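To start, the structure under review is shown below, and the notes come after it.
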Amino acid sequence: MAPDEQSAVINVYRPAKLIAEVPFSLWSREGYAGSLRGGQYMQLRVAPGKHTFVAFSERLSVLNATVEAGKEYAVEFDVGMGWNQAHIKLLPMTLSADAAKVDGWKAKLARVGVNQDALQQPRVAPRIAAGLAHLKSIEDKWASEEAASRELKASDGR
C-alpha cells in the first residue's frame with residue numbers, strides 16, 4: 001500500500017517480542033483498526049489531517065497523529081511487561097532517523113490486514129460495537145495523565 005495525493009499510510013509494526021502469540025488491538029475514534037501479533041505489521045490508509053489511535057491492556061496508550069497526503073509514517077506497537085497485564089505503547093517513529101530499522105521491519109515482518117466483511121458477521125459485529133462503546137465511555141481518559149499519549153507529527157513521515 002502506498003500513499004497518494006488524497007491519503008497517507010501509517011504502518012504499524014509489532015516486532016516479535018514478549019507474548020508474541022497474543023494479539024493486541026488498535027482502535028481509532030472511528031472504530032477497530034486491526035490486531036497484531038508479534039512479527040506482524042499492518043497498514044492504515046488515512047485522510048490527511050489529525051487522527052487519534054488507542055491501544056489498551058493494563059493501561060491506555062494514545063497516539064495523536066497529524067499526517068500529510070503522499071507520505072508514509074511508522075509506529076512501533078510495543079508490548080512489554082506490566083504489573084498485572086501486558087503494557088502497550090504506541091511509539092511514533094521518525095522516518096528520517098529510523099529508516100533503516102523501519103525498512104528492516106517491513107522486509108522481515110508479515111503484513112496483515114482486516115477483512116471488513118468478517119467484521120460485519122453476526123458473531124463479530126456485536127463485539128466490535130462493544131469495543132468501540134467501551135472506548136467511547138473512557139474517552140475522557142485518553143487525554144488525561146492515566147494514558148500515555150504520544151505525537152506522530154507530519155514531519156515524521158517520508
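Identifiers in the C-alpha cells: chain A, B, ... in order shown; residue index from 1 per chain; ligand index from 1 in order shown.
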- Query: Near Val79 of chain A, within 7 Å and counting only C-alpha atoms, which residues show up once chain neighbours fewer than 4 positions away are dropped, as a VMD selection string?
  - Reply: chain A and resid 18 86 to 89
Would you export the selected residues with N, CA and C atoms as a compact mmCIF listing (two decimals), in the first residue's frame, please?
# COMPACT_ATOMS: atom_id res chain seq x y z
N LEU A 18 7.84 -9.94 23.56
CA LEU A 18 7.09 -10.56 24.63
C LEU A 18 5.70 -11.01 24.18
N ALA A 86 -0.12 -7.10 30.11
CA ALA A 86 0.88 -6.53 29.21
C ALA A 86 0.75 -5.00 29.21
N HIS A 87 1.88 -4.35 29.05
CA HIS A 87 1.91 -2.89 28.95
C HIS A 87 2.18 -2.54 27.49
N ILE A 88 1.25 -1.80 26.89
CA ILE A 88 1.33 -1.48 25.47
C ILE A 88 1.72 -0.03 25.29
N LYS A 89 2.60 0.21 24.30
CA LYS A 89 2.99 1.57 23.95
C LYS A 89 2.91 1.73 22.44
Determine which residues of chain A DSSP labels as strand (DSSP E) from the backbone of this structure, then write them out as an mmCIF file with C-alpha atoms, in the first residue's frame.
data_model
loop_
_atom_site.group_PDB
_atom_site.id
_atom_site.type_symbol
_atom_site.label_atom_id
_atom_site.label_comp_id
_atom_site.auth_asym_id
_atom_site.auth_seq_id
_atom_site.Cartn_x
_atom_site.Cartn_y
_atom_site.Cartn_z
ATOM 1 C CA ALA A 8 -1.264 8.947 3.883
ATOM 2 C CA VAL A 9 -0.293 5.459 5.014
ATOM 3 C CA ILE A 10 0.536 4.672 8.623
ATOM 4 C CA ASN A 11 2.499 1.431 9.036
ATOM 5 C CA VAL A 12 2.108 -0.099 12.496
ATOM 6 C CA TYR A 13 4.854 -2.609 13.367
ATOM 7 C CA ARG A 14 4.882 -5.160 16.174
ATOM 8 C CA PHE A 24 -3.466 -6.837 20.731
ATOM 9 C CA SER A 25 -5.811 -4.413 19.018
ATOM 10 C CA LEU A 26 -5.538 -0.888 17.720
ATOM 11 C CA TRP A 27 -8.591 1.393 17.618
ATOM 12 C CA SER A 28 -9.380 4.876 16.385
ATOM 13 C CA GLY A 31 -13.618 2.088 15.297
ATOM 14 C CA TYR A 32 -11.490 -1.017 15.064
ATOM 15 C CA ALA A 33 -8.278 -0.582 13.056
ATOM 16 C CA GLY A 34 -6.819 -4.072 13.440
ATOM 17 C CA SER A 35 -4.958 -6.522 15.659
ATOM 18 C CA LEU A 36 -1.333 -7.560 15.639
ATOM 19 C CA GLN A 40 3.397 -8.654 12.099
ATOM 20 C CA TYR A 41 2.587 -5.214 10.752
ATOM 21 C CA MET A 42 -0.467 -3.520 9.290
ATOM 22 C CA GLN A 43 -1.006 -0.571 7.004
ATOM 23 C CA LEU A 44 -3.694 2.032 7.580
ATOM 24 C CA ARG A 45 -4.744 4.372 4.768
ATOM 25 C CA VAL A 46 -5.918 7.655 6.300
ATOM 26 C CA GLY A 49 -5.131 15.721 8.997
ATOM 27 C CA LYS A 50 -5.457 14.680 12.624
ATOM 28 C CA HIS A 51 -6.242 11.163 13.838
ATOM 29 C CA THR A 52 -6.240 9.549 17.277
ATOM 30 C CA PHE A 53 -5.409 5.904 17.840
ATOM 31 C CA VAL A 54 -5.578 3.967 21.089
ATOM 32 C CA ALA A 55 -4.423 0.576 22.326
ATOM 33 C CA PHE A 56 -5.060 -0.761 25.773
ATOM 34 C CA LEU A 60 -4.069 3.105 27.694
ATOM 35 C CA SER A 61 -1.622 4.211 25.051
ATOM 36 C CA VAL A 62 -2.801 7.075 22.854
ATOM 37 C CA LEU A 63 -1.232 8.203 19.592
ATOM 38 C CA ASN A 64 -2.240 11.593 18.229
ATOM 39 C CA ALA A 65 -1.218 11.647 14.578
ATOM 40 C CA THR A 66 -1.078 14.571 12.189
ATOM 41 C CA VAL A 67 -0.380 13.316 8.669
ATOM 42 C CA GLU A 72 4.054 7.217 4.810
ATOM 43 C CA TYR A 73 4.506 7.040 8.572
ATOM 44 C CA ALA A 74 5.679 4.410 11.039
ATOM 45 C CA VAL A 75 4.570 3.452 14.548
ATOM 46 C CA GLU A 76 6.012 0.745 16.775
ATOM 47 C CA PHE A 77 3.348 -1.247 18.640
ATOM 48 C CA ASP A 78 5.457 -2.175 21.660
ATOM 49 C CA VAL A 79 4.240 -4.849 24.091
ATOM 50 C CA GLY A 80 6.122 -5.180 27.366
ATOM 51 C CA MET A 81 5.687 -6.361 30.920
ATOM 52 C CA ALA A 86 0.882 -6.526 29.213
ATOM 53 C CA HIS A 87 1.913 -2.888 28.953
ATOM 54 C CA ILE A 88 1.327 -1.484 25.473
ATOM 55 C CA LYS A 89 2.989 1.572 23.954
ATOM 56 C CA LEU A 90 2.280 3.194 20.592
ATOM 57 C CA LEU A 91 5.653 4.698 19.722
ATOM 58 C CA PRO A 92 5.911 7.122 16.782
ATOM 59 C CA MET A 93 8.965 6.711 14.581
ATOM 60 C CA ALA A 110 4.381 -10.372 7.934
ATOM 61 C CA ARG A 111 1.831 -7.842 6.663
ATOM 62 C CA VAL A 112 -1.712 -8.484 7.868
ATOM 63 C CA ALA A 147 -2.945 7.459 29.378
ATOM 64 C CA ALA A 148 0.497 7.552 27.821
ATOM 65 C CA SER A 149 -0.037 9.986 24.952
ATOM 66 C CA ARG A 150 2.452 10.447 22.128
ATOM 67 C CA GLU A 151 2.551 12.566 18.986
ATOM 68 C CA LEU A 152 3.179 11.447 15.412
#
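Here atom CA of Gln120 of chain A is placed at a distance of 29.0 Å from atom CA of Ala69 of chain A.
Here atom CA of Ala47 of chain A and atom CA of Gly70 of chain A stand 10.0 Å from one another.
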- Task: Could you jot down the atom CA of Glu30 of chain A to atom CA of Gly113 of chain A separation for me, Å, one decimal place?
- Result: 16.8 Å
